[in-house]
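A.B. asks: My structure is stored as coords_32.csv, with CSV, C-alpha atoms and all ligand atoms.
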```
chain,number,residue,atom,x,y,z
D,41,MET,CA,8.5,-51.8,-13.6
D,42,SER,CA,8.0,-48.0,-14.0
D,43,ARG,CA,10.8,-45.8,-15.1
D,44,VAL,CA,11.5,-42.7,-13.1
D,45,LEU,CA,14.0,-39.9,-13.8
D,46,ILE,CA,15.4,-38.2,-10.7
D,47,LEU,CA,16.7,-34.7,-11.4
D,48,HIS,CA,18.9,-33.4,-8.6
D,49,THR,CA,19.1,-29.6,-8.3
D,50,GLY,CA,20.4,-29.2,-4.7
D,51,GLY,CA,18.9,-28.3,-1.4
D,52,THR,CA,19.3,-29.5,2.2
D,53,LEU,CA,18.5,-33.1,1.3
D,54,GLY,CA,22.0,-33.6,-0.3
D,55,MET,CA,23.9,-31.1,1.8
D,56,THR,CA,26.6,-31.7,4.4
D,57,GLY,CA,28.8,-29.6,6.8
D,58,GLU,CA,28.3,-26.5,8.9
D,59,PRO,CA,27.2,-24.2,7.4
D,60,LEU,CA,25.3,-26.6,5.2
D,61,VAL,CA,26.6,-26.6,1.6
D,62,PRO,CA,25.6,-28.7,-1.5
D,63,ASP,CA,27.7,-31.9,-1.6
D,64,ALA,CA,28.4,-34.6,-4.1
D,65,PHE,CA,26.4,-36.9,-1.9
D,66,ALA,CA,23.5,-36.6,-4.3
D,67,ASN,CA,25.5,-38.8,-6.7
D,68,ALA,CA,24.5,-41.8,-4.6
D,69,LEU,CA,20.9,-41.1,-3.8
D,70,ASP,CA,19.6,-44.5,-4.8
D,71,GLU,CA,22.6,-46.2,-3.0
D,72,ALA,CA,21.7,-44.3,0.2
D,73,VAL,CA,18.0,-45.2,-0.1
D,74,PRO,CA,18.1,-48.6,-1.7
D,75,GLU,CA,14.4,-49.2,-1.4
D,76,LEU,CA,13.9,-46.7,-4.2
D,77,ASN,CA,15.1,-49.3,-6.5
D,78,GLU,CA,12.2,-51.6,-5.5
D,79,LEU,CA,9.7,-48.9,-6.5
D,80,ALA,CA,11.0,-48.0,-10.0
D,81,GLN,CA,13.8,-48.3,-12.5
D,82,LEU,CA,15.7,-45.1,-11.7
D,83,GLU,CA,18.1,-42.8,-13.5
D,84,THR,CA,19.6,-39.9,-11.6
D,85,ARG,CA,20.9,-36.8,-13.3
D,86,ILE,CA,22.6,-33.9,-11.4
D,87,LEU,CA,21.3,-30.9,-13.3
D,88,PHE,CA,22.9,-28.5,-10.8
D,89,ASN,CA,23.6,-28.5,-7.1
D,90,LEU,CA,22.6,-25.3,-5.5
D,91,ASP,CA,21.0,-23.9,-2.4
D,92,SER,CA,17.6,-23.1,-3.9
D,93,SER,CA,17.9,-19.4,-3.0
D,94,ASP,CA,20.2,-19.4,-6.1
D,95,VAL,CA,17.7,-21.1,-8.3
D,96,GLY,CA,15.8,-18.8,-10.7
D,97,PRO,CA,14.1,-18.4,-14.1
D,98,GLU,CA,17.1,-19.8,-16.1
D,99,HIS,CA,17.1,-22.9,-14.0
D,100,TRP,CA,13.3,-23.3,-14.5
D,101,THR,CA,13.8,-23.1,-18.2
D,102,ARG,CA,16.5,-25.7,-18.1
D,103,LEU,CA,14.4,-28.1,-16.0
D,104,ALA,CA,11.4,-27.6,-18.3
D,105,HIS,CA,13.6,-28.6,-21.4
D,106,GLU,CA,15.1,-31.6,-19.6
D,107,ILE,CA,11.6,-32.9,-18.6
D,108,TYR,CA,10.0,-32.2,-21.9
D,109,GLU,CA,12.8,-34.0,-23.8
D,110,ALA,CA,12.6,-37.0,-21.4
D,111,ARG,CA,8.8,-37.3,-21.4
D,112,HIS,CA,8.6,-40.4,-23.7
D,113,ASP,CA,11.4,-42.3,-21.9
D,114,TYR,CA,10.1,-42.1,-18.3
D,115,ASP,CA,6.8,-42.7,-16.6
D,116,GLY,CA,7.5,-39.9,-14.1
D,117,VAL,CA,10.0,-37.4,-13.0
D,118,VAL,CA,11.1,-36.6,-9.4
D,119,ILE,CA,13.0,-33.3,-8.8
D,120,VAL,CA,15.1,-33.0,-5.7
D,121,HIS,CA,15.1,-29.4,-4.7
D,122,GLY,CA,15.8,-27.0,-1.8
D,123,THR,CA,12.7,-26.1,0.1
D,124,ASP,CA,13.3,-22.3,0.1
D,125,THR,CA,12.2,-21.8,-3.5
D,126,MET,CA,10.6,-25.2,-4.2
D,127,ALA,CA,7.2,-23.6,-4.5
D,128,TYR,CA,8.4,-21.1,-7.1
D,129,THR,CA,10.0,-23.8,-9.2
D,130,ALA,CA,6.8,-25.9,-8.8
D,131,SER,CA,4.6,-23.0,-10.0
D,132,ALA,CA,7.0,-22.1,-12.8
D,133,LEU,CA,7.1,-25.6,-14.2
D,134,SER,CA,3.3,-25.8,-13.9
D,135,PHE,CA,3.0,-22.9,-16.5
D,136,ALA,CA,6.0,-24.1,-18.6
D,137,LEU,CA,4.8,-27.7,-19.0
D,138,ARG,CA,1.0,-27.7,-19.2
D,139,ASP,CA,-0.8,-31.0,-19.6
D,140,LEU,CA,2.3,-33.0,-19.7
D,141,ALA,CA,0.4,-36.2,-18.9
D,142,ARG,CA,3.3,-37.3,-16.7
D,143,PRO,CA,3.8,-36.9,-12.9
D,144,VAL,CA,6.5,-34.3,-12.1
D,145,ILE,CA,7.0,-34.4,-8.4
D,146,LEU,CA,9.2,-32.0,-6.5
D,147,THR,CA,10.6,-33.0,-3.1
D,148,GLY,CA,13.4,-32.2,-0.6
D,149,ALA,CA,14.0,-32.2,3.1
D,150,GLN,CA,14.3,-30.2,6.2
D,151,ARG,CA,17.2,-32.3,7.4
D,152,PRO,CA,20.0,-33.7,5.2
D,153,LEU,CA,19.7,-37.4,4.0
D,154,ALA,CA,22.9,-38.1,6.0
D,155,ALA,CA,21.5,-36.7,9.3
D,156,HIS,CA,19.8,-38.8,11.9
D,157,ARG,CA,16.0,-38.2,12.2
D,158,THR,CA,16.0,-37.1,8.6
D,159,ASP,CA,12.8,-36.5,6.7
D,160,ALA,CA,14.7,-37.0,3.4
D,161,ARG,CA,14.3,-40.7,3.2
D,162,ARG,CA,10.5,-40.7,3.5
D,163,ASN,CA,10.0,-37.7,1.2
D,164,LEU,CA,12.2,-39.4,-1.5
D,165,VAL,CA,10.4,-42.7,-1.2
D,166,ASP,CA,6.9,-41.0,-1.3
D,167,ALA,CA,7.9,-38.9,-4.3
D,168,VAL,CA,9.2,-41.8,-6.3
D,169,GLU,CA,6.1,-43.8,-5.4
D,170,LEU,CA,3.9,-41.0,-6.7
D,171,ALA,CA,5.9,-40.7,-9.9
D,172,THR,CA,4.9,-44.3,-10.7
D,173,ARG,CA,1.2,-43.7,-10.0
D,174,GLY,CA,0.2,-41.7,-13.1
D,175,VAL,CA,-0.8,-38.5,-11.2
D,176,GLU,CA,-0.8,-35.7,-13.7
D,177,GLY,CA,1.1,-32.5,-13.7
D,178,VAL,CA,3.5,-30.8,-11.3
D,179,GLY,CA,3.1,-31.6,-7.6
D,180,LEU,CA,5.0,-31.0,-4.5
D,181,CYS,CA,5.5,-34.0,-2.1
D,182,PHE,CA,6.4,-33.3,1.5
D,183,ASP,CA,5.6,-34.9,4.8
D,184,GLY,CA,3.1,-37.4,3.5
D,185,LEU,CA,1.2,-34.9,1.3
D,186,LEU,CA,1.1,-34.3,-2.4
D,187,LEU,CA,0.2,-30.7,-3.0
D,188,ARG,CA,-0.7,-29.1,-6.4
D,189,GLY,CA,2.6,-27.4,-7.3
D,190,VAL,CA,1.0,-24.2,-8.4
D,191,ARG,CA,-0.8,-23.8,-5.1
D,192,ALA,CA,2.0,-24.7,-2.8
D,193,THR,CA,3.8,-22.3,-0.4
D,194,LYS,CA,6.5,-22.8,2.1
D,195,SER,CA,4.8,-22.2,5.4
D,196,ASN,CA,7.2,-23.4,8.1
D,197,VAL,CA,11.0,-23.6,8.4
D,198,GLN,CA,11.1,-25.7,11.6
D,199,ASP,CA,8.5,-28.4,11.2
D,200,TYR,CA,8.6,-31.4,8.9
D,201,ARG,CA,5.2,-30.1,7.6
D,202,ALA,CA,7.0,-27.3,5.7
D,203,PHE,CA,4.4,-26.7,2.9
D,204,ASP,CA,0.8,-25.9,2.7
D,205,SER,CA,-1.6,-25.2,-0.2
D,206,PRO,CA,-4.0,-22.6,1.2
D,207,GLY,CA,-7.6,-22.9,0.0
D,208,THR,CA,-7.1,-26.2,-1.8
D,209,ALA,CA,-7.0,-29.8,-0.5
D,210,PRO,CA,-3.9,-32.0,-1.0
D,211,LEU,CA,-4.0,-34.2,-4.2
D,212,ALA,CA,-2.8,-37.2,-2.2
D,213,ARG,CA,-2.2,-38.4,1.3
D,214,LEU,CA,0.6,-40.9,2.0
D,215,GLY,CA,-0.1,-42.6,5.3
D,216,VAL,CA,-0.6,-46.3,5.8
D,217,ASP,CA,-2.2,-46.2,2.4
D,218,VAL,CA,-1.6,-43.9,-0.5
D,219,VAL,CA,-4.9,-42.1,-1.2
D,220,ILE,CA,-4.9,-40.2,-4.4
D,221,ASP,CA,-7.7,-37.6,-5.2
D,222,GLU,CA,-9.3,-37.9,-8.6
D,223,MET,CA,-8.4,-34.2,-9.2
D,224,ALA,CA,-4.8,-35.5,-9.6
D,225,GLN,CA,-5.7,-37.1,-12.9
D,226,ARG,CA,-7.3,-34.5,-15.2
D,227,SER,CA,-4.9,-34.1,-18.1
D,228,THR,CA,-6.2,-33.4,-21.5
D,229,GLY,CA,-3.0,-34.9,-22.8
D,230,ARG,CA,-2.2,-32.1,-25.2
D,231,CYS,CA,1.1,-30.8,-23.8
D,232,VAL,CA,1.8,-27.0,-24.1
D,233,PHE,CA,5.5,-26.4,-23.8
D,234,GLU,CA,6.4,-22.8,-23.1
D,235,PRO,CA,9.7,-22.9,-21.1
D,236,ASP,CA,10.6,-19.2,-21.1
D,237,PHE,CA,10.3,-16.6,-18.3
D,238,ASP,CA,11.0,-12.9,-18.2
D,239,PRO,CA,12.6,-12.1,-14.8
D,240,SER,CA,11.9,-8.3,-15.0
D,241,VAL,CA,9.3,-8.5,-12.3
D,242,LEU,CA,9.4,-6.8,-8.8
D,243,VAL,CA,7.4,-8.1,-5.9
D,244,VAL,CA,6.2,-5.5,-3.3
D,245,ARG,CA,4.4,-6.3,-0.1
D,246,VAL,CA,2.1,-3.4,1.0
D,247,ALA,CA,2.7,-2.2,4.6
D,248,PRO,CA,1.2,0.6,6.6
D,249,GLY,CA,3.0,3.9,6.0
D,250,MET,CA,4.6,2.7,2.8
D,251,GLN,CA,5.7,5.5,0.5
D,252,ALA,CA,3.6,5.6,-2.7
D,253,GLY,CA,6.4,7.5,-4.3
D,254,LEU,CA,8.7,4.4,-4.1
D,255,ILE,CA,6.2,2.5,-6.3
D,256,GLU,CA,5.7,5.5,-8.6
D,257,ARG,CA,9.4,5.7,-9.3
D,258,LEU,CA,9.1,2.3,-11.1
D,259,ALA,CA,7.3,4.2,-13.9
D,260,GLY,CA,10.5,5.9,-14.8
D,261,GLN,CA,12.3,2.5,-15.1
D,262,SER,CA,9.8,0.9,-17.4
D,263,GLU,CA,12.6,-0.3,-19.7
D,264,GLN,CA,13.9,-2.5,-16.9
D,265,PHE,CA,10.5,-3.6,-15.4
D,266,GLY,CA,7.8,-5.5,-17.2
D,267,GLY,CA,5.7,-6.3,-14.2
D,268,LEU,CA,4.9,-5.6,-10.5
D,269,VAL,CA,3.3,-8.2,-8.2
D,270,LEU,CA,1.6,-6.2,-5.4
D,271,ALA,CA,0.9,-8.3,-2.3
D,272,ALA,CA,-2.1,-6.3,-0.9
D,273,TYR,CA,-4.0,-6.7,2.3
D,274,GLY,CA,-7.0,-9.1,2.7
D,275,LEU,CA,-9.2,-9.1,-0.4
D,276,GLY,CA,-7.0,-6.6,-2.2
D,277,THR,CA,-7.0,-3.3,-0.2
D,278,THR,CA,-4.2,-0.8,0.1
D,279,PRO,CA,-3.8,2.6,1.8
D,280,THR,CA,-5.5,5.4,-0.2
D,281,ARG,CA,-5.2,8.3,2.3
D,282,GLY,CA,-1.9,9.9,3.0
D,283,PRO,CA,0.1,7.4,0.9
D,284,ASP,CA,-2.1,6.8,-2.1
D,285,ILE,CA,-1.0,3.4,-3.5
D,286,PRO,CA,-3.7,3.1,-6.2
D,287,SER,CA,-2.6,6.4,-7.8
D,288,ALA,CA,0.9,5.2,-7.8
D,289,VAL,CA,-0.3,2.0,-9.4
D,290,ARG,CA,-2.1,4.0,-12.1
D,291,THR,CA,1.1,5.8,-13.0
D,292,VAL,CA,3.0,2.5,-13.2
D,293,VAL,CA,0.3,0.9,-15.4
D,294,ASP,CA,0.2,3.9,-17.7
D,295,ALA,CA,4.0,3.5,-18.1
D,296,GLY,CA,3.4,0.1,-19.6
D,297,ILE,CA,4.1,-2.1,-16.5
D,298,ASP,CA,1.6,-4.9,-15.7
D,299,VAL,CA,0.5,-4.8,-12.1
D,300,LEU,CA,-0.9,-8.1,-10.6
D,301,VAL,CA,-2.6,-8.0,-7.2
D,302,VAL,CA,-2.3,-11.0,-4.9
D,303,THR,CA,-3.2,-11.3,-1.2
D,304,GLN,CA,-0.9,-11.4,1.8
D,305,SER,CA,-3.3,-13.7,3.5
D,306,ALA,CA,-4.7,-17.1,2.5
D,307,GLY,CA,-7.8,-16.7,0.3
D,308,ARG,CA,-8.7,-14.8,-2.8
D,309,ILE,CA,-8.6,-11.3,-4.2
D,310,ASP,CA,-12.0,-9.5,-4.8
D,311,LEU,CA,-11.3,-6.0,-6.0
D,312,ASP,CA,-15.0,-5.2,-6.1
D,313,LYS,CA,-15.6,-5.6,-2.4
D,314,TYR,CA,-14.2,-2.4,-0.8
D,315,GLU,CA,-13.8,1.1,-1.8
D,316,ASN,CA,-10.1,0.7,-1.1
D,317,SER,CA,-9.8,-2.3,-3.4
D,318,ARG,CA,-11.9,-0.8,-6.2
D,319,ALA,CA,-9.4,2.0,-6.3
D,320,LEU,CA,-6.8,-0.6,-7.3
D,321,ARG,CA,-9.1,-2.1,-9.9
D,322,ASP,CA,-9.8,1.4,-11.4
D,323,ALA,CA,-6.1,2.0,-11.5
D,324,GLY,CA,-5.8,-0.9,-14.0
D,325,ALA,CA,-4.4,-3.5,-11.6
D,326,ILE,CA,-5.1,-7.1,-12.5
D,327,ASP,CA,-7.0,-9.3,-9.9
D,328,GLY,CA,-4.8,-12.3,-9.0
D,329,GLY,CA,-7.7,-14.6,-7.7
D,330,GLU,CA,-6.4,-17.2,-5.3
D,331,MET,CA,-2.8,-17.0,-6.6
D,332,THR,CA,0.0,-17.3,-4.0
D,333,VAL,CA,2.9,-14.8,-4.3
D,334,GLU,CA,4.9,-17.7,-5.8
D,335,ALA,CA,2.2,-18.5,-8.5
D,336,GLY,CA,1.6,-14.8,-9.2
D,337,THR,CA,5.3,-14.0,-9.6
D,338,THR,CA,6.0,-17.0,-11.9
D,339,LYS,CA,2.9,-16.5,-13.9
D,340,LEU,CA,3.6,-12.8,-14.5
D,341,MET,CA,7.2,-13.7,-15.6
D,342,HIS,CA,5.7,-16.4,-17.8
D,343,ALA,CA,3.2,-14.1,-19.3
D,344,LEU,CA,5.8,-11.4,-20.1
D,345,ALA,CA,8.0,-13.9,-21.9
D,346,ASN,CA,5.2,-15.6,-23.9
D,347,VAL,CA,2.3,-13.2,-24.6
D,348,ALA,CA,3.5,-10.1,-26.4
D,349,ASP,CA,0.2,-8.3,-26.7
D,350,ARG,CA,-0.7,-6.4,-23.5
D,351,GLY,CA,-4.5,-7.1,-23.8
D,352,GLN,CA,-3.9,-10.8,-24.4
D,353,ARG,CA,-1.5,-10.9,-21.5
D,354,ARG,CA,-4.1,-9.4,-19.2
D,355,GLU,CA,-6.5,-12.1,-20.3
D,356,TYR,CA,-3.9,-14.9,-19.8
D,357,LEU,CA,-3.3,-13.5,-16.2
D,358,LEU,CA,-7.1,-13.5,-15.5
D,359,GLU,CA,-7.5,-17.1,-16.9
D,360,ASN,CA,-7.4,-20.1,-14.6
D,361,VAL,CA,-4.6,-21.8,-16.6
D,362,VAL,CA,-3.5,-24.7,-14.3
D,363,GLY,CA,-5.7,-24.3,-11.3
D,364,GLU,CA,-3.7,-21.4,-9.9
D,365,ARG,CA,-6.6,-18.9,-9.6
D,366,GLU,CA,-9.3,-21.2,-8.2
D,367,GLY,CA,-10.3,-24.9,-7.7
J,401,LIG,N1,18.4,-23.4,2.0
J,401,LIG,C1,17.9,-24.7,1.6
J,401,LIG,C2,17.5,-24.6,0.1
J,401,LIG,O1,16.5,-24.2,-0.2
J,401,LIG,C3,16.8,-25.1,2.5
J,401,LIG,C4,16.3,-26.5,2.2
J,401,LIG,O2,16.6,-27.1,1.3
J,401,LIG,O3,15.5,-26.9,3.0
J,401,LIG,O4,18.3,-25.0,-0.7
```
Represent the structure contained in this file as structure tokens.
C.D. replies:
Amino acid sequence: MSRVLILHTGGTLGMTGEPLVPDAFANALDEAVPELNELAQLETRILFNLDSSDVGPEHWTRLAHEIYEARHDYDGVVIVHGTDTMAYTASALSFALRDLARPVILTGAQRPLAAHRTDARRNLVDAVELATRGVEGVGLCFDGLLLRGVRATKSNVQDYRAFDSPGTAPLARLGVDVVIDEMAQRSTGRCVFEPDFDPSVLVVRVAPGMQAGLIERLAGQSEQFGGLVLAAYGLGTTPTRGPDIPSAVRTVVDAGIDVLVVTQSAGRIDLDKYENSRALRDAGAIDGGEMTVEAGTTKLMHALANVADRGQRREYLLENVVGEREG
């Protein structure tokens, strides 16, 4: 029988009360869902028990260590996590644990395990099932889909279909049968373990009328800020008349801050396409490809912590490291 490690970190799945708060209920996950024991030999550890809005870089590092150290003792790992930042944690772990050659499956629920009509039971069972199936790398299992962790985004707060992976197909579908795409098994088997993140990154979503001076001001704070993720319009355009965002970006880049451009829409950045996107390219901003805000933010934090040389950091950000930029 496969051995699966369940790491509990919090989230609605194990919450009770009104307002919902994390509860010790998670202690008894496999007692509450006994069929889990038919799928695998389980060990459950409560790493922390938080609403995921309180989960951040230090927790990603802790999770990465826990998983790396357990990799020879288990066939797979399931992480129970709140949905609000699950896609950030999934992206962060994708960079921290590359080619682990083990399934690491994040899951959670829109309704607590103790509530009627809960989606927690199905998501847990699906996640444990996938953790026994040899799918490679970090995935997010929710509502019958396995999504590539680094491409996932929370797209809905009301529906049980809470996550999407824009521009890339699910790695597995769990319906009557479990259908796993061959893309889910492409490990080289040489694990790269880089668990650290530098949180000195600001995320700014471009909006009409936005004051370029607000971005420019970051240049004077370059000791606190290592990076800026700019969520631009469409293929990577920003206002250039009146507020001149590209000029502000130039000032920030010249001050030593890395600027990574992602799109507010689903799709990919192409800074060559428009005059208003070339301006960002010429200002020294880095094209984020198909990266979601979650992937772009965690990758920039990862790059700042692990790649000291600025030129090499730019190359790392432009490289398709774990399928975050394309594919
Ligand atoms: N606020 C909760 C969390 O992210 C939401 C959830 O788990 O669905 O922890």
A.B. asks: May I ask for the distance between atom CA of Leu311 of chain D and atom CA of Ala348 of chain D, given in Å to one decimal place?
C.D. replies: 25.5 Å
A.B. asks: Can you work out which residues are within 10 Å of ligand LIG 401 (chain J), considering only C-alpha atoms and all ligand atoms, and then hand them over as a PyMOL selection string?
C.D. replies: chain D and resi 49-55+60-62+89-95+120-126+147-152+194+197-198+202
A.B. asks: Using all atoms listed in the file, can you tell me which of D:Val301, D:Val289, D:Ala132, D:Ile145 comes closest to Leu358 of chain D?
C.D. replies: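 Under the stated criterion, the closest residue is D:Val301.
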A.B. asks: For Leu87 of chain D, work out the shell of residues within 12 Å, counting all atoms listed in the file and skipping chain neighbours fewer than 4 positions away, then give it as a ChimeraX atom specification.
C.D. replies: /D:45-50,66-67,95,99-107,119-121
A.B. asks: May I have the residues from that selection written out with C-alpha atoms, as a PDB file, keeping the file's coordinate frame?
C.D. replies:
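selection03.pdb written:
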```pdb
ATOM      1  CA  LEU D  45      14.000 -39.900 -13.800  1.00  0.00           C
ATOM      2  CA  ILE D  46      15.400 -38.200 -10.700  1.00  0.00           C
ATOM      3  CA  LEU D  47      16.700 -34.700 -11.400  1.00  0.00           C
ATOM      4  CA  HIS D  48      18.900 -33.400  -8.600  1.00  0.00           C
ATOM      5  CA  THR D  49      19.100 -29.600  -8.300  1.00  0.00           C
ATOM      6  CA  GLY D  50      20.400 -29.200  -4.700  1.00  0.00           C
ATOM      7  CA  ALA D  66      23.500 -36.600  -4.300  1.00  0.00           C
ATOM      8  CA  ASN D  67      25.500 -38.800  -6.700  1.00  0.00           C
ATOM      9  CA  VAL D  95      17.700 -21.100  -8.300  1.00  0.00           C
ATOM     10  CA  HIS D  99      17.100 -22.900 -14.000  1.00  0.00           C
ATOM     11  CA  TRP D 100      13.300 -23.300 -14.500  1.00  0.00           C
ATOM     12  CA  THR D 101      13.800 -23.100 -18.200  1.00  0.00           C
ATOM     13  CA  ARG D 102      16.500 -25.700 -18.100  1.00  0.00           C
ATOM     14  CA  LEU D 103      14.400 -28.100 -16.000  1.00  0.00           C
ATOM     15  CA  ALA D 104      11.400 -27.600 -18.300  1.00  0.00           C
ATOM     16  CA  HIS D 105      13.600 -28.600 -21.400  1.00  0.00           C
ATOM     17  CA  GLU D 106      15.100 -31.600 -19.600  1.00  0.00           C
ATOM     18  CA  ILE D 107      11.600 -32.900 -18.600  1.00  0.00           C
ATOM     19  CA  ILE D 119      13.000 -33.300  -8.800  1.00  0.00           C
ATOM     20  CA  VAL D 120      15.100 -33.000  -5.700  1.00  0.00           C
ATOM     21  CA  HIS D 121      15.100 -29.400  -4.700  1.00  0.00           C
TER      22      HIS D 121
END
```
A.B. asks: Could you tell me how far atom CA of Arg365 of chain D lies from atom CA of Leu211 of chain D, in Å and to one decimal?
C.D. replies: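 Atom-to-atom, atom CA of Arg365 of chain D and atom CA of Leu211 of chain D are spaced 16.4 Å apart.
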A.B. asks: Go through D:Tyr200, D:Tyr314, D:Phe182, D:Phe135 one by one, measure the shortest atom-to-atom distance of each to Asn346 of chain D using all atoms listed in the file, and give the residue with the smallest value.
C.D. replies: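 Looking at the shortest contact to Asn346 of chain D, the residue is D:Phe135.
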A.B. asks: For each of D:Gly215, D:Pro210, D:Gly174, D:Pro59, take the minimum atom-to-atom distance to Leu187 of chain D, counting all atoms listed in the file, then give the residue where this is smallest.
C.D. replies: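 Result for the nearest residue to Leu187 of chain D: D:Pro210.
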A.B. asks: I'd like to know which of D:Glu355, D:Asp349, D:Asp312, D:Asp284 is closest to Leu300 of chain D, using only C-alpha atoms.
C.D. replies: D:Glu355
A.B. asks: With only C-alpha atoms as the counted atoms, please give the residues lying no more than 10 Å from Ile309 of chain D, apart from itself and same-chain residues fewer than 2 positions off, as a ChimeraX atom specification.
C.D. replies: /D:272-277,301-307,311-313,317,326-331,365
A.B. asks: At a cut-off of 8 Å, using only C-alpha atoms, what residues contact Ile297 of chain D? Leave out same-chain residues fewer than 6 positions from it and give the result as JSON, numbers by chain.
C.D. replies: {"D": [259, 262, 265, 266, 267, 268]}
A.B. asks: Residues within 12 Å of Leu258 of chain D, please, as a PyMOL selection string. Count only C-alpha atoms; anything in the same chain fewer than 4 positions from it doesn't count.
C.D. replies: chain D and resi 240-244+252-254+262-268+288-299
A.B. asks: Interatomic distance between atom CA of Ala271 of chain D and atom CA of Asp183 of chain D?
C.D. replies: 27.9 Å
A.B. asks: Given the choices D:Leu76, D:Ile255, D:Val362, D:Leu69, which gets closest to Leu140 of chain D if the distance is worked out from all atoms listed in the file?
C.D. replies: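 The shortest atom-to-atom distance to Leu140 of chain D comes from D:Val362.
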A.B. asks: Find the residue from D:Val333, D:Gly324, D:His342, D:Tyr108 that sits nearest to Arg245 of chain D; use all atoms listed in the file when measuring.
C.D. replies: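 Checking each candidate against Arg245 of chain D, we get D:Val333 as the closest.
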A.B. asks: Can you list, as a ChimeraX atom specification, every protein, DNA or RNA residue that comes within 12 Å of Arg281 of chain D when you count only C-alpha atoms, leaving out same-chain residues fewer than 5 positions away?
C.D. replies: /D:248-252,286-287,315-316,319
A.B. asks: List as a PyMOL selection string: which residues have an atom within 8 Å of (0.5, -21.4, -2.4), counting only C-alpha atoms?
C.D. replies: chain D and resi 127+190-194+204-206+331-335
